[in-house]
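Taking it in order: structure first as structure tokens, then the write-up.
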Amino acid sequence: MLDFAVKLTRQPTEMRESDVLQLRELGLTDEQILSVVAITCLFNFMNRLADGLGVDIEADRQQAMDRWVTGPARDQDWLWAFKEQRV
């Protein structure tokens with residue numbers, strides 16, 4: 001999933017159906033794949049918007065993200081299921 005997000009970020013014109021199929025093989029549903037794409041796109045958009053305008057991200061935003069990853073996101077099995085399947 002992370003490899004997919006990195007490729008979408010760094011090489012968006014090189015995305016292929018095989019990239020999506022690989023996520024399906026890992027057990028992600030189409031809805032989950034759409035979530036990965038939407039989150040990646042939103043993250044990239046917000047970073048470029050902030051960078052383009054010279055906006056500094058406040059420290060409490062990072063703390064909020066840390067709380068999400070160790071709280072609500074921790075309970076989303078589909079976010080973490082792939083780690084057991086990667087070699």
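Labeling convention for the structure tokens: chains A, B, ... as they appear, residues from 1 per chain, ligands from 1 in order of appearance.
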
### Close residues, range 41-53 of chain A itself excluded, 12 Å, only C-alpha atoms, min 4 positions apart in chain, as a ChimeraX atom specification
/A:4-10,12,34-37,57-58

### Task
State, in Å with one decimal place, the distance from CA of Ala64 in chain A to CA of Ile39 in chain A.
16.3 Å

#### Entry: Backbone-only DSSP, helix (DSSP H, G or I) members of chain A, as a ChimeraX atom specification
/A:2-10,12-14,17-25,30-53,59-70,72-75,77-80,82-85

Next, the residues of the selection above should be written as a compact mmCIF listing (two decimals), in the first residue's frame with C-alpha atoms.
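Result went into result11.txt, see below:
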```txt
# COMPACT_ATOMS: atom_id res chain seq x y z
CA LEU A 2 2.81 2.38 0.85
CA ASP A 3 4.68 1.51 -2.34
CA PHE A 4 1.48 2.30 -4.25
CA ALA A 5 1.12 5.69 -2.52
CA VAL A 6 4.78 6.57 -3.15
CA LYS A 7 4.48 5.66 -6.84
CA LEU A 8 1.26 7.69 -7.14
CA THR A 9 3.07 10.63 -5.56
CA ARG A 10 6.37 10.45 -7.43
CA PRO A 12 1.66 9.40 -11.28
CA THR A 13 1.85 8.96 -15.06
CA GLU A 14 3.36 5.50 -14.58
CA GLU A 17 -3.96 -1.35 -13.62
CA SER A 18 -1.40 -3.83 -12.32
CA ASP A 19 -0.73 -1.46 -9.40
CA VAL A 20 -4.38 -1.68 -8.38
CA LEU A 21 -4.44 -5.43 -8.93
CA GLN A 22 -1.49 -5.80 -6.58
CA LEU A 23 -3.47 -4.09 -3.82
CA ARG A 24 -6.40 -6.40 -4.50
CA GLU A 25 -4.05 -9.38 -4.20
CA ASP A 30 -12.10 -1.46 -4.11
CA GLU A 31 -13.44 0.90 -1.44
CA GLN A 32 -10.19 0.63 0.51
CA ILE A 33 -8.13 1.18 -2.65
CA LEU A 34 -10.18 4.28 -3.39
CA SER A 35 -9.45 5.47 0.15
CA VAL A 36 -5.71 4.96 -0.38
CA VAL A 37 -5.84 6.95 -3.62
CA ALA A 38 -7.99 9.75 -2.13
CA ILE A 39 -5.83 10.09 0.98
CA THR A 40 -2.65 10.12 -1.10
CA CYS A 41 -4.05 12.75 -3.45
CA LEU A 42 -5.34 14.92 -0.63
CA PHE A 43 -2.04 14.71 1.23
CA ASN A 44 -0.12 15.68 -1.92
CA PHE A 45 -2.52 18.54 -2.66
CA MET A 46 -2.31 19.94 0.86
CA ASN A 47 1.49 19.71 0.92
CA ARG A 48 1.81 21.50 -2.40
CA LEU A 49 -0.68 24.13 -1.33
CA ALA A 50 1.21 24.76 1.92
CA ASP A 51 4.60 24.71 0.20
CA GLY A 52 3.40 26.98 -2.59
CA LEU A 53 2.10 29.54 -0.12
CA ALA A 59 3.44 21.51 15.81
CA ASP A 60 0.02 20.58 17.21
CA ARG A 61 -0.99 19.27 13.77
CA GLN A 62 1.78 16.68 13.95
CA GLN A 63 0.68 15.77 17.44
CA ALA A 64 -2.90 15.32 16.17
CA MET A 65 -1.64 12.98 13.43
CA ASP A 66 0.38 11.01 15.96
CA ARG A 67 -2.72 10.62 18.13
CA TRP A 68 -4.76 9.43 15.12
CA VAL A 69 -2.17 6.84 14.09
CA THR A 70 -1.89 5.47 17.62
CA PRO A 72 -8.48 5.52 15.77
CA ALA A 73 -6.27 4.36 12.90
CA ARG A 74 -4.87 1.56 15.04
CA ASP A 75 -8.32 -0.02 15.08
CA ASP A 77 -7.46 -3.58 10.52
CA TRP A 78 -7.32 -2.99 6.76
CA LEU A 79 -4.70 -0.25 7.26
CA TRP A 80 -2.37 -2.67 9.01
CA PHE A 82 -0.75 -5.51 4.55
CA LYS A 83 2.27 -5.43 6.87
CA GLU A 84 1.89 -9.13 7.61
CA GLN A 85 1.74 -10.00 3.91
```
